[in-house]
Amino acid sequence: MAHPAPSPIYCLRGAGAPLNTLHFCCRGTDTPLLFSGSAKGMIHMWNLNSRRPEKSFEAHGGSSILWVRTLQSKDALISQGRDMQVCMWDLRGGCGELVDSVFTGSFGFCQCSLIETDQTKSLLAFATQQSEEPDSGPGPLLLAGYEDGSLLLWDVTQRSKLSQVKAHPEPVMCLTFDPQRLRGISGSAEKKLSSWILDSQNNIQLQECVKLVNPGVSQLCIRADGKLLASAGWDHRVRIFGWKKLRPLAVLQYHSDMVLSVAFSDHLDPRQRLLAAGSKDQRISLWSIYNEGAATG
């Protein structure tokens with residue numbers, strides 16, 4: 001049985017549009033930050049101490065923003081928009097200054113994925129009209145979800161497909177992966193989540209499904225310690241599961257419209273860590289669930 005749901009500790013208002021993406025930048029700084037990207041092309045940098053925007057600027061010509069991530073520090077930000085551009089911003093000035101951009105040629109909703117291989121090099125994956133992967137030298141494998149409900153594992157270096165499985169009858173809306181356990185989970189418009197693993201031969205093996213009360217999941221996020229999974233539901237709710245056994249722990253009810261994004265904070269002190277949820281109702285809710293006794297379930 002799910003535990004009684006907590007209430008949000010506070011909410012951030014003023015984005016002026018649905019919140020498609022959230023990203024925390026709290027580690028190694030006295031000012032914890034939360035970045036958000038909206039459906040009207042606005043990027044906000046929220047100061048979590050004052051609970052107000054520290055910076056905000058229009059990006060991607062006002063097109064909907066799908067994804068944001070900081071790069072190495074809070075002063076460099078990468079964003080992806082529905083204008084088919086991935087942009088890099090310098091945030092050291094009063095507002096974001098465009099440094100560079102890449103044309104993707106993709107008008108869909110597939111979000112980018114970023115991995116920092118070391119302190120000087122990062123790899124960025126994004127959907128494109130081209131079928132090949134970039135020649136990036138030795139690098140990680142890439143998991144991708146497709147509109148036909150399939151999951152594919154790619155070898156980026158060899159530009160080859162390693163494994164493919166049909167995980168959903170509907171388009172894959174979101175997925176997340178735990179590299180420590182070689183285990184992932186994906187969601188679509190249906191009333192279930194599909195979990196899967198990578199075996200020793202890099203084959204995707206479907207595991208148990210998690211049944212949902214209502215259909216539709218916008219995003220999935222695993223907490224960094226590997227104990228919790230959060231889902232952003234089309235039914236206006238955030239659901240918390242124990243990642244180990246996929247046991248439902250809590251249903252977070254606050255928003256009046258679809259929840260579009262969820263993110264766990266990266267505070268060094270576990271007592272300060274938060275869960276953020278962004279909604280079509282233009283609000284961001286912040287939750288503290290780190291003292292829940294069932295957090296290891």
# chains A, B, ... in the order shown; residues from 1 in each chain; ligands from 1
call {"tool": "residues_around", "arguments": {"residues": "Ala276 (chain A)", "least_positions_apart": "5", "cutoff": "9 Å", "atoms": "only C-alpha atoms", "output": "PyMOL selection string"}}
result
chain A and resi 22-24+34+261-265+284-287
call {"tool": "select_by_dssp", "arguments": {"residues": "region 45-251 of chain A", "states": "strand (DSSP E or B)", "output": "VMD selection string"}}
result
chain A and resid 45 to 47 52 to 58 65 to 71 73 to 81 85 to 90 97 to 103 113 to 116 122 to 125 141 to 145 150 to 155 160 to 166 174 to 178 183 to 187 192 to 198 204 to 211 217 to 222 228 to 233 237 to 242 247 to 251
call {"tool": "closest_atom_pairs", "arguments": {"of": "region 42-110 of chain A", "to": "region 164-172 of chain A", "cutoff": "12 Å", "atoms": "only C-alpha atoms", "output": "tab-separated table"}}
result
residue	atom	partner	partner_atom	distance
A:Gly108	CA	A:Pro171	CA	12.0
A:Phe109	CA	A:Val172	CA	10.7
A:Cys110	CA	A:Val172	CA	9.5
call {"tool": "closest_residue", "arguments": {"among": "A:Arg271, A:Lys121, A:Arg183, A:His60", "to": "Leu143 (chain A)", "atoms": "only C-alpha atoms"}}
result
A:Arg183
call {"tool": "residues_around", "arguments": {"residues": "Cys87 (chain A)", "least_positions_apart": "5", "cutoff": "6 Å", "atoms": "only C-alpha atoms", "output": "list in words"}}
result
Ile78, Ser79, Asp100 and Ser101 of chain A
call {"tool": "select_by_dssp", "arguments": {"residues": "region 52-287 of chain A", "states": "helix (DSSP H, G or I)", "output": "PyMOL selection string"}}
result
chain A and resi 60-62+270-272
call {"tool": "write_last_selection", "arguments": {"atoms": "N, CA, C and O atoms", "output": "PDB file, in the first residue's frame"}}
result
ATOM      1  N   HIS A  60      15.487  30.074 -28.391  1.00  0.00           N
ATOM      2  CA  HIS A  60      14.915  29.320 -29.507  1.00  0.00           C
ATOM      3  C   HIS A  60      13.786  30.073 -30.212  1.00  0.00           C
ATOM      4  O   HIS A  60      12.822  29.468 -30.679  1.00  0.00           O
ATOM      5  N   GLY A  61      13.885  31.403 -30.254  1.00  0.00           N
ATOM      6  CA  GLY A  61      12.907  32.200 -30.970  1.00  0.00           C
ATOM      7  C   GLY A  61      11.495  32.049 -30.461  1.00  0.00           C
ATOM      8  O   GLY A  61      10.526  32.250 -31.204  1.00  0.00           O
ATOM      9  N   GLY A  62      11.365  31.687 -29.179  1.00  0.00           N
ATOM     10  CA  GLY A  62      10.042  31.499 -28.602  1.00  0.00           C
ATOM     11  C   GLY A  62       9.451  30.126 -28.816  1.00  0.00           C
ATOM     12  O   GLY A  62       8.338  29.841 -28.358  1.00  0.00           O
ATOM     13  N   PRO A 270      22.159  15.135   1.988  1.00  0.00           N
ATOM     14  CA  PRO A 270      20.897  14.439   1.702  1.00  0.00           C
ATOM     15  C   PRO A 270      19.681  15.101   2.339  1.00  0.00           C
ATOM     16  O   PRO A 270      18.571  14.994   1.804  1.00  0.00           O
ATOM     17  N   ARG A 271      19.864  15.792   3.455  1.00  0.00           N
ATOM     18  CA  ARG A 271      18.735  16.433   4.130  1.00  0.00           C
ATOM     19  C   ARG A 271      18.168  17.592   3.330  1.00  0.00           C
ATOM     20  O   ARG A 271      17.039  18.021   3.561  1.00  0.00           O
ATOM     21  N   GLN A 272      18.935  18.118   2.404  1.00  0.00           N
ATOM     22  CA  GLN A 272      18.484  19.255   1.597  1.00  0.00           C
ATOM     23  C   GLN A 272      17.923  18.836   0.248  1.00  0.00           C
ATOM     24  O   GLN A 272      17.379  19.676  -0.480  1.00  0.00           O
TER      25      GLN A 272
END
call {"tool": "closest_residue", "arguments": {"among": "A:Ser188, A:Thr128, A:Gln219, A:Asn20", "to": "Arg283 (chain A)", "atoms": "only C-alpha atoms"}}
result
A:Asn20
call {"tool": "residues_around", "arguments": {"residues": "region 39-44 of chain A", "least_positions_apart": "2", "cutoff": "9 Å", "atoms": "only C-alpha atoms", "output": "number ranges by chain"}}
result
A: 15-20, 34-37, 46, 53-66, 68, 79, 81, 96, 280
call {"tool": "atom_distance", "arguments": {"atom1": "CA of Asp269 (chain A)", "atom2": "CA of Thr29 (chain A)"}}
result
11.9 Å
call {"tool": "closest_residue", "arguments": {"among": "A:Lys244, A:Lys227, A:Arg237, A:Lys161", "to": "Asn202 (chain A)", "atoms": "only C-alpha atoms"}}
result
A:Lys161
call {"tool": "closest_residue", "arguments": {"among": "A:Ser106, A:Ser38, A:Ser163, A:Ser288", "to": "Pro6 (chain A)", "atoms": "only C-alpha atoms"}}
result
A:Ser288
call {"tool": "atom_distance", "arguments": {"atom1": "CA of Ala127 (chain A)", "atom2": "CA of Asp281 (chain A)"}}
result
27.6 Å
call {"tool": "atom_distance", "arguments": {"atom1": "CA of Glu97 (chain A)", "atom2": "CA of Thr21 (chain A)"}}
result
20.0 Å
call {"tool": "closest_residue", "arguments": {"among": "A:Cys112, A:Cys26, A:Gly149, A:Gly278", "to": "Met84 (chain A)", "atoms": "only C-alpha atoms"}}
result
A:Cys112
call {"tool": "residues_around", "arguments": {"residues": "Trp234 (chain A)", "least_positions_apart": "5", "cutoff": "6 Å", "atoms": "only C-alpha atoms", "output": "PDB file with all heavy atoms, in the first residue's frame"}}
result
ATOM      1  N   GLY A 216      -0.666   7.302 -19.382  1.00  0.00           N
ATOM      2  CA  GLY A 216       0.149   8.427 -19.811  1.00  0.00           C
ATOM      3  C   GLY A 216       1.215   8.863 -18.836  1.00  0.00           C
ATOM      4  O   GLY A 216       0.906   9.249 -17.710  1.00  0.00           O
ATOM      5  N   VAL A 217       2.480   8.815 -19.270  1.00  0.00           N
ATOM      6  CA  VAL A 217       3.617   9.265 -18.472  1.00  0.00           C
ATOM      7  C   VAL A 217       4.491  10.166 -19.339  1.00  0.00           C
ATOM      8  O   VAL A 217       4.874   9.793 -20.450  1.00  0.00           O
ATOM      9  CB  VAL A 217       4.457   8.087 -17.937  1.00  0.00           C
ATOM     10  CG1 VAL A 217       5.650   8.581 -17.148  1.00  0.00           C
ATOM     11  CG2 VAL A 217       3.596   7.177 -17.067  1.00  0.00           C
ATOM     12  N   MET A 258      -1.621  18.256 -16.444  1.00  0.00           N
ATOM     13  CA  MET A 258      -0.606  17.235 -16.683  1.00  0.00           C
ATOM     14  C   MET A 258       0.734  17.617 -16.071  1.00  0.00           C
ATOM     15  O   MET A 258       1.168  18.763 -16.185  1.00  0.00           O
ATOM     16  CB  MET A 258      -0.419  17.021 -18.187  1.00  0.00           C
ATOM     17  CG  MET A 258      -1.600  16.454 -18.914  1.00  0.00           C
ATOM     18  SD  MET A 258      -1.366  16.509 -20.720  1.00  0.00           S
ATOM     19  CE  MET A 258       0.144  15.573 -20.899  1.00  0.00           C
ATOM     20  N   VAL A 259       1.391  16.648 -15.430  1.00  0.00           N
ATOM     21  CA  VAL A 259       2.773  16.837 -14.990  1.00  0.00           C
ATOM     22  C   VAL A 259       3.674  16.454 -16.161  1.00  0.00           C
ATOM     23  O   VAL A 259       3.565  15.359 -16.715  1.00  0.00           O
ATOM     24  CB  VAL A 259       3.099  15.999 -13.747  1.00  0.00           C
ATOM     25  CG1 VAL A 259       4.532  16.242 -13.302  1.00  0.00           C
ATOM     26  CG2 VAL A 259       2.141  16.329 -12.617  1.00  0.00           C
TER      27      VAL A 259
END
call {"tool": "closest_residue", "arguments": {"among": "A:Cys25, A:Met173, A:Ile222, A:Ile9", "to": "Gln72 (chain A)", "atoms": "only C-alpha atoms"}}
result
A:Cys25
